[in-house]
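Q: Dropping the structure in here first, questions after.
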Amino acid sequence: MSSPENSGHADVTLGRLEDLPAPYRAELGALNLVPLWPSLRAVLPPGKPAARTMATAWSYEALRPLLMQAGALTPIEKAERRVLVLANPGHGLEKMQATPAIYLGMQLLLPGEWAPSHRHTPNAVRMVVEGVGAWTNVDGQKCVMERGDLILTPTGLWHEHGHDGTEPVVWLDVLDLPLMYYMEASYHINGTRQAVKSGRSEQRYGQGGVVPTPAYDQRQPDYPLLRYPWKDVKAALERLAADDPALQQVQVSYVNPATGQDAENVLGFHALMLRPGQTLQLPARSPAMVFHQIEGAAEVRVLDAVFALAQADTCCAPGYSELVLRNLSSTEAAFLFIADESPLHRKLGVYEVRDGAAKMPVGPRPV
Ligand code: GTQ
């Protein structure tokens, strides 16, 4: 495959739709036919994809009062999931997409409320933003929700949310809903209240380095660990930073502890620590990304945008763009939750890192 630099014919102006006689266009349309050449450059742009995804930030301080208002305006029975969707204007707000494959929503559950049991084809995770006393029952496992915790609700697993506390609880939902919807593979099934089963995944799979040995005729569950407590993830980041003071990218990935692979099939999840005053440059990579400030404050520069994220703020960046992250404090570490489309790109064979000239991956197995 030639690179854009040496593909001498890339600038050739192709014929436009208007160049074709109207009766001919009408005849094509009547037979559900379309000429390719007027759209060829749009669907196969030179060198780099054309992104609809705009670098966009959502302030928690700004959205929180509106979310609380939703709590007053719409009872949970009328919402099932009381969520304000963080929609990217580049895609059109009605598409409810943050990036091509990522949906983001801020969900509010008030004390005593119950968001009834259902399961669906899209994979979801929750990143807890504020409040105590809520829980998510995933496939019979009651996962306590505390700020910064990551809770998985992978494809097909029953889940319902409840709240035994006294203050509102808010969390960030991250789903691969846009992809599933685009594939015409998105649907749900409603269920009844799930019984809490014995055994908690955290007790069994929450210790790095060891996993329970399955009985000889059994295999590990597909999703062995459903809750990743923030206190453990934060401690892992702090140990990583202390172990190697020269390490630039102090980052951990949420993985399936039985396989070491991505925690879910489509989206990747990571936690990043920026040391006090640190600036971190990230090369352009093909997957789009989402950043959510768990603790501290950080600046995110992407394309022409500069976002200052305070705690609980969220932003997104299109793929194929360089990023510069900067801790806005010179005394405190900053911690970011990252969701990206890297498992999807790897599976599709289109994952690439552009730390120099564009390198188009060839073949289905990326490096
Ligand atoms: O909590 O199950 O933001 O089904 C969107 C769809 C949350 C949920 C969302 C959902 C959920």
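Going through the structure tokens in order, the chains are called A, B, and so on, while each chain numbers its residues from 1 and the ligands are numbered from 1 in the order shown.
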To check your reading of the model: which residues sit at most 6 Å from ligand 1 when counting only C-alpha atoms and all ligand atoms? Write the answer as a list in words.
A: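 These are the residues that qualify: Arg81, Val83, Gly105 and Asp173 of chain A.
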Q: Would you save the residues from that selection as a compact mmCIF listing (two decimals), in the first residue's frame, using C-alpha atoms?
A:
```txt
# COMPACT_ATOMS: atom_id res chain seq x y z
CA ARG A 81 -32.39 4.67 33.88
CA VAL A 83 -29.38 9.45 32.65
CA GLY A 105 -24.09 8.96 30.41
CA ASP A 173 -22.00 4.93 32.36
```
Q: Among region 129-298 of chain A, which ones does DSSP place in strand (DSSP E), written as a PyMOL selection string?
A: chain A and resi 129-130+134-138+141-144+150-153+159-163+169-175+188-190+227-228+250-253+268-274+279-285+289-295+298
Q: So that each row is one residue of region 81-181 of chain A with an atom at most 12 Å from region 244-259 of chain A, can you give its shortest atom pair and the distance in Å to one decimal, using only C-alpha atoms, rows by chain and rising number, as CSV?
A:
```
residue,atom,partner,partner_atom,distance
A:Val125,CA,A:Tyr254,CA,11.2
A:Asp149,CA,A:Tyr254,CA,11.4
A:Leu150,CA,A:Tyr254,CA,8.9
A:Ile151,CA,A:Tyr254,CA,10.6
A:Leu152,CA,A:Tyr254,CA,10.3
A:Pro154,CA,A:Asn256,CA,11.6
```
Q: Neighbouring residues of Ala101 (chain A) were defined as those with any atom within 8 Å, considering only C-alpha atoms; residues of the same chain fewer than 4 positions away were excluded. Please report them as a list in words.
A: Gln97, Asp176, Leu177, Pro178, Leu179 and Glu341 of chain A
Q: Please produce an output containing all heavy atoms for each residue in the selection, written as a PDB file, in the first residue's frame.
A:
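Saved as out-v1.pdb:
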```pdb
ATOM      1  N   GLN A  97     -23.705   9.812  20.955  1.00  0.00           N
ATOM      2  CA  GLN A  97     -22.369   9.227  20.841  1.00  0.00           C
ATOM      3  C   GLN A  97     -21.358  10.206  21.394  1.00  0.00           C
ATOM      4  O   GLN A  97     -21.421  11.396  21.056  1.00  0.00           O
ATOM      5  CB  GLN A  97     -22.003   9.020  19.365  1.00  0.00           C
ATOM      6  CG  GLN A  97     -22.667   7.862  18.699  1.00  0.00           C
ATOM      7  CD  GLN A  97     -22.343   7.830  17.215  1.00  0.00           C
ATOM      8  OE1 GLN A  97     -23.105   8.362  16.430  1.00  0.00           O
ATOM      9  NE2 GLN A  97     -21.229   7.239  16.856  1.00  0.00           N
ATOM     10  N   ASP A 176     -20.654   0.480  24.839  1.00  0.00           N
ATOM     11  CA  ASP A 176     -20.349   0.421  23.401  1.00  0.00           C
ATOM     12  C   ASP A 176     -21.647   0.439  22.583  1.00  0.00           C
ATOM     13  O   ASP A 176     -21.708  -0.096  21.477  1.00  0.00           O
ATOM     14  CB  ASP A 176     -19.492  -0.812  23.078  1.00  0.00           C
ATOM     15  CG  ASP A 176     -20.064  -2.103  23.626  1.00  0.00           C
ATOM     16  OD1 ASP A 176     -21.295  -2.174  23.873  1.00  0.00           O
ATOM     17  OD2 ASP A 176     -19.300  -3.077  23.818  1.00  0.00           O
ATOM     18  N   LEU A 177     -22.640   1.122  23.134  1.00  0.00           N
ATOM     19  CA  LEU A 177     -23.967   1.204  22.510  1.00  0.00           C
ATOM     20  C   LEU A 177     -23.940   1.732  21.067  1.00  0.00           C
ATOM     21  O   LEU A 177     -24.624   1.172  20.196  1.00  0.00           O
ATOM     22  CB  LEU A 177     -24.870   2.056  23.401  1.00  0.00           C
ATOM     23  CG  LEU A 177     -26.300   2.331  22.953  1.00  0.00           C
ATOM     24  CD1 LEU A 177     -27.096   1.055  22.810  1.00  0.00           C
ATOM     25  CD2 LEU A 177     -26.988   3.254  23.956  1.00  0.00           C
ATOM     26  N   PRO A 178     -23.163   2.796  20.752  1.00  0.00           N
ATOM     27  CA  PRO A 178     -23.200   3.281  19.357  1.00  0.00           C
ATOM     28  C   PRO A 178     -22.778   2.213  18.357  1.00  0.00           C
ATOM     29  O   PRO A 178     -23.358   2.105  17.276  1.00  0.00           O
ATOM     30  CB  PRO A 178     -22.197   4.442  19.354  1.00  0.00           C
ATOM     31  CG  PRO A 178     -22.100   4.872  20.778  1.00  0.00           C
ATOM     32  CD  PRO A 178     -22.305   3.630  21.602  1.00  0.00           C
ATOM     33  N   LEU A 179     -21.786   1.419  18.739  1.00  0.00           N
ATOM     34  CA  LEU A 179     -21.338   0.352  17.834  1.00  0.00           C
ATOM     35  C   LEU A 179     -22.418  -0.708  17.673  1.00  0.00           C
ATOM     36  O   LEU A 179     -22.751  -1.130  16.561  1.00  0.00           O
ATOM     37  CB  LEU A 179     -20.060  -0.286  18.383  1.00  0.00           C
ATOM     38  CG  LEU A 179     -19.565  -1.470  17.563  1.00  0.00           C
ATOM     39  CD1 LEU A 179     -18.948  -0.995  16.260  1.00  0.00           C
ATOM     40  CD2 LEU A 179     -18.575  -2.302  18.354  1.00  0.00           C
ATOM     41  N   GLU A 341     -11.168   2.889  22.534  1.00  0.00           N
ATOM     42  CA  GLU A 341     -11.690   1.889  21.586  1.00  0.00           C
ATOM     43  C   GLU A 341     -10.602   0.915  21.159  1.00  0.00           C
ATOM     44  O   GLU A 341     -10.703   0.307  20.098  1.00  0.00           O
ATOM     45  CB  GLU A 341     -12.258   2.622  20.360  1.00  0.00           C
ATOM     46  CG  GLU A 341     -13.375   3.590  20.700  1.00  0.00           C
ATOM     47  CD  GLU A 341     -13.825   4.423  19.508  1.00  0.00           C
ATOM     48  OE1 GLU A 341     -13.066   4.551  18.541  1.00  0.00           O
ATOM     49  OE2 GLU A 341     -14.967   4.934  19.551  1.00  0.00           O
TER      50      GLU A 341
END
```
Q: Could you tell me which of A:Tyr103, A:Phe307, A:Trp171, A:Tyr351 comes closest to Gly131 (chain A) if we count only C-alpha atoms?
A: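 Selected residue with least distance to Gly131 (chain A): A:Trp171.
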Q: Mind pulling up the distance from CA of Ala57 (chain A) to CA of Gly90 (chain A)?
A: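 Between CA of Gly90 (chain A) and CA of Ala57 (chain A) the gap works out to 12.4 Å.
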Q: So which bits of region 133-217 of chain A end up alpha helix (DSSP H) when you DSSP the backbone, as a ChimeraX atom specification?
A: /A:177-182,201-205
Q: Write out the residues from the selection above, keeping N, CA, C and O atoms, as a PDB file, in the first residue's frame.
A:
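Output file result-v3.pdb follows:
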```pdb
ATOM      1  N   LEU A 177     -22.640   1.122  23.134  1.00  0.00           N
ATOM      2  CA  LEU A 177     -23.967   1.204  22.510  1.00  0.00           C
ATOM      3  C   LEU A 177     -23.940   1.732  21.067  1.00  0.00           C
ATOM      4  O   LEU A 177     -24.624   1.172  20.196  1.00  0.00           O
ATOM      5  N   PRO A 178     -23.163   2.796  20.752  1.00  0.00           N
ATOM      6  CA  PRO A 178     -23.200   3.281  19.357  1.00  0.00           C
ATOM      7  C   PRO A 178     -22.778   2.213  18.357  1.00  0.00           C
ATOM      8  O   PRO A 178     -23.358   2.105  17.276  1.00  0.00           O
ATOM      9  N   LEU A 179     -21.786   1.419  18.739  1.00  0.00           N
ATOM     10  CA  LEU A 179     -21.338   0.352  17.834  1.00  0.00           C
ATOM     11  C   LEU A 179     -22.418  -0.708  17.673  1.00  0.00           C
ATOM     12  O   LEU A 179     -22.751  -1.130  16.561  1.00  0.00           O
ATOM     13  N   MET A 180     -22.984  -1.141  18.807  1.00  0.00           N
ATOM     14  CA  MET A 180     -24.008  -2.196  18.757  1.00  0.00           C
ATOM     15  C   MET A 180     -25.233  -1.715  17.979  1.00  0.00           C
ATOM     16  O   MET A 180     -25.837  -2.469  17.222  1.00  0.00           O
ATOM     17  N   TYR A 181     -25.585  -0.455  18.175  1.00  0.00           N
ATOM     18  CA  TYR A 181     -26.736   0.104  17.477  1.00  0.00           C
ATOM     19  C   TYR A 181     -26.458   0.189  15.973  1.00  0.00           C
ATOM     20  O   TYR A 181     -27.300  -0.190  15.148  1.00  0.00           O
ATOM     21  N   TYR A 182     -25.275   0.658  15.613  1.00  0.00           N
ATOM     22  CA  TYR A 182     -24.865   0.750  14.206  1.00  0.00           C
ATOM     23  C   TYR A 182     -24.909  -0.622  13.544  1.00  0.00           C
ATOM     24  O   TYR A 182     -25.308  -0.768  12.388  1.00  0.00           O
ATOM     25  N   SER A 201     -16.970 -11.729  43.343  1.00  0.00           N
ATOM     26  CA  SER A 201     -15.826 -11.832  42.436  1.00  0.00           C
ATOM     27  C   SER A 201     -14.594 -11.171  43.039  1.00  0.00           C
ATOM     28  O   SER A 201     -13.479 -11.640  42.851  1.00  0.00           O
ATOM     29  N   GLU A 202     -14.809 -10.086  43.801  1.00  0.00           N
ATOM     30  CA  GLU A 202     -13.650  -9.409  44.395  1.00  0.00           C
ATOM     31  C   GLU A 202     -12.912 -10.319  45.361  1.00  0.00           C
ATOM     32  O   GLU A 202     -11.706 -10.248  45.490  1.00  0.00           O
ATOM     33  N   GLN A 203     -13.707 -11.126  46.106  1.00  0.00           N
ATOM     34  CA  GLN A 203     -13.085 -12.027  47.074  1.00  0.00           C
ATOM     35  C   GLN A 203     -12.266 -13.109  46.358  1.00  0.00           C
ATOM     36  O   GLN A 203     -11.255 -13.569  46.850  1.00  0.00           O
ATOM     37  N   ARG A 204     -12.741 -13.484  45.201  1.00  0.00           N
ATOM     38  CA  ARG A 204     -12.101 -14.603  44.499  1.00  0.00           C
ATOM     39  C   ARG A 204     -10.995 -14.150  43.549  1.00  0.00           C
ATOM     40  O   ARG A 204     -10.000 -14.847  43.381  1.00  0.00           O
ATOM     41  N   TYR A 205     -11.239 -13.017  42.876  1.00  0.00           N
ATOM     42  CA  TYR A 205     -10.337 -12.609  41.793  1.00  0.00           C
ATOM     43  C   TYR A 205      -9.680 -11.261  42.035  1.00  0.00           C
ATOM     44  O   TYR A 205      -9.044 -10.723  41.146  1.00  0.00           O
TER      45      TYR A 205
END
```
Q: Which value, in Å to one decimal, gives the distance between CA of Asn327 (chain A) and CA of Met54 (chain A)?
A: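 Value for the CA of Asn327 (chain A)-CA of Met54 (chain A) distance: 22.6 Å.
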Q: Report, in Å with one decimal, the straight-line distance from CA of Leu110 (chain A) to CA of Pro168 (chain A).
A: 4.7 Å
Q: Neighbours of Gln141 (chain A) within 7 Å (only C-alpha atoms; same-chain residues fewer than 3 positions away dropped), as a PDB file with N, CA, C and O atoms, in the first residue's frame?
A:
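Okay, this is what ended up in result10.pdb:
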```pdb
ATOM      1  N   ASN A 137     -26.383  -4.919  41.190  1.00  0.00           N
ATOM      2  CA  ASN A 137     -26.397  -6.378  41.222  1.00  0.00           C
ATOM      3  C   ASN A 137     -26.137  -6.856  39.798  1.00  0.00           C
ATOM      4  O   ASN A 137     -26.949  -6.648  38.905  1.00  0.00           O
ATOM      5  N   VAL A 138     -24.962  -7.458  39.590  1.00  0.00           N
ATOM      6  CA  VAL A 138     -24.587  -7.941  38.257  1.00  0.00           C
ATOM      7  C   VAL A 138     -24.557  -9.460  38.305  1.00  0.00           C
ATOM      8  O   VAL A 138     -23.732 -10.036  39.015  1.00  0.00           O
ATOM      9  N   VAL A 196     -29.504 -12.295  45.217  1.00  0.00           N
ATOM     10  CA  VAL A 196     -28.065 -12.161  45.432  1.00  0.00           C
ATOM     11  C   VAL A 196     -27.496 -13.549  45.667  1.00  0.00           C
ATOM     12  O   VAL A 196     -27.911 -14.259  46.570  1.00  0.00           O
ATOM     13  N   LYS A 197     -26.548 -13.932  44.813  1.00  0.00           N
ATOM     14  CA  LYS A 197     -25.912 -15.245  44.959  1.00  0.00           C
ATOM     15  C   LYS A 197     -24.737 -15.140  45.919  1.00  0.00           C
ATOM     16  O   LYS A 197     -24.193 -14.040  46.128  1.00  0.00           O
ATOM     17  N   ARG A 200     -18.368 -13.476  46.014  1.00  0.00           N
ATOM     18  CA  ARG A 200     -18.176 -12.191  45.358  1.00  0.00           C
ATOM     19  C   ARG A 200     -16.898 -12.261  44.545  1.00  0.00           C
ATOM     20  O   ARG A 200     -15.874 -12.768  45.006  1.00  0.00           O
TER      21      ARG A 200
END
```
Q: Which one of A:Ser117, A:Ser342, A:Thr155, A:Gln281 sits closest to Gly268 (chain A) if you count only C-alpha atoms?
A: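 Using only C-alpha atoms, Gly268 (chain A) sits closest to A:Ser342.
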Q: Check which residues of region 69-186 of chain A sit at most 8 Å from region 310-319 of chain A using only C-alpha atoms, and return one row each with the closest pair of atoms and their distance in Å to one decimal, ordered by chain and rising number, as JSON lines.
A:
```
{"residue": "A:Ala98", "atom": "CA", "partner": "A:Cys316", "partner_atom": "CA", "distance": 6.8}
{"residue": "A:Thr99", "atom": "CA", "partner": "A:Pro318", "partner_atom": "CA", "distance": 6.8}
{"residue": "A:Val129", "atom": "CA", "partner": "A:Ala312", "partner_atom": "CA", "distance": 6.3}
```
Q: Write out as an NGL selection string the residues lying within 8 Å of region 160-164 of chain A, counting only C-alpha atoms and excluding same-chain residues fewer than 5 positions away.
A: :A and (109-118 or 133-138 or 169 or 193-194)
Q: Within 8 Å of Leu237 (chain A), counting only C-alpha atoms, which residues qualify if same-chain residues fewer than 3 places away don't, as a ChimeraX atom specification?
A: /A:233-234,240-241,250-252,271-273
Q: Residues as selected, N, CA, C and O atoms, written as a compact mmCIF listing (two decimals), in the first residue's frame, can you do that?
A:
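Resulting contents of out_32.txt:
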```
# COMPACT_ATOMS: atom_id res chain seq x y z
N VAL A 233 -6.95 0.23 42.91
CA VAL A 233 -6.37 0.72 41.65
C VAL A 233 -5.44 1.90 41.95
O VAL A 233 -4.33 1.99 41.41
N LYS A 234 -5.88 2.79 42.83
CA LYS A 234 -5.04 3.94 43.20
C LYS A 234 -3.74 3.47 43.86
O LYS A 234 -2.65 3.96 43.53
N LEU A 240 3.36 1.69 41.43
CA LEU A 240 4.03 1.73 40.14
C LEU A 240 4.89 2.99 40.04
O LEU A 240 6.05 2.94 39.61
N ALA A 241 4.35 4.12 40.48
CA ALA A 241 5.08 5.39 40.42
C ALA A 241 6.29 5.34 41.34
O ALA A 241 7.38 5.82 40.98
N VAL A 250 2.44 6.44 33.98
CA VAL A 250 2.07 5.65 35.16
C VAL A 250 0.60 5.27 34.96
O VAL A 250 -0.32 5.98 35.35
N GLN A 251 0.41 4.15 34.32
CA GLN A 251 -0.94 3.77 33.88
C GLN A 251 -1.14 2.27 34.09
O GLN A 251 -0.23 1.49 33.86
N VAL A 252 -2.34 1.91 34.53
CA VAL A 252 -2.72 0.50 34.63
C VAL A 252 -3.97 0.27 33.78
O VAL A 252 -4.75 1.20 33.54
N ALA A 271 -6.46 3.37 34.11
CA ALA A 271 -6.35 4.47 35.07
C ALA A 271 -4.95 5.01 34.97
O ALA A 271 -3.97 4.25 34.92
N LEU A 272 -4.85 6.34 34.91
CA LEU A 272 -3.57 7.02 34.71
C LEU A 272 -3.31 7.95 35.88
O LEU A 272 -4.21 8.67 36.32
N MET A 273 -2.07 7.91 36.36
CA MET A 273 -1.65 8.87 37.40
C MET A 273 -0.67 9.85 36.77
O MET A 273 0.29 9.45 36.12
```
Q: Fewer than 5 positions away in the same chain doesn't count, so skip those; otherwise give me all residues within 6 Å of Ala297 (chain A), counting only C-alpha atoms, as a PyMOL selection string.
A: chain A and resi 309-310+328+334
Q: Output N, CA, C and O atoms of each residue in that selection to a file, as a short mmCIF file (atom, residue, chain, number, x, y, z; two decimals), in the first residue's frame.
A:
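The resulting file, part14.cif, is shown below:
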```cif
data_model
loop_
_atom_site.label_atom_id
_atom_site.label_comp_id
_atom_site.auth_asym_id
_atom_site.auth_seq_id
_atom_site.Cartn_x
_atom_site.Cartn_y
_atom_site.Cartn_z
N LEU A 309 -9.68 19.91 33.34
CA LEU A 309 -10.63 19.01 33.99
C LEU A 309 -10.48 19.11 35.50
O LEU A 309 -9.39 18.92 36.04
N ALA A 310 -11.58 19.41 36.17
CA ALA A 310 -11.64 19.32 37.63
C ALA A 310 -12.22 17.95 37.98
O ALA A 310 -12.66 17.21 37.08
N LEU A 328 -2.44 19.82 36.72
CA LEU A 328 -2.55 21.25 37.02
C LEU A 328 -2.07 21.58 38.43
O LEU A 328 -1.99 22.75 38.80
N ALA A 334 -2.56 13.64 40.08
CA ALA A 334 -3.88 13.69 39.43
C ALA A 334 -4.16 12.29 38.88
O ALA A 334 -3.26 11.61 38.39
#
```
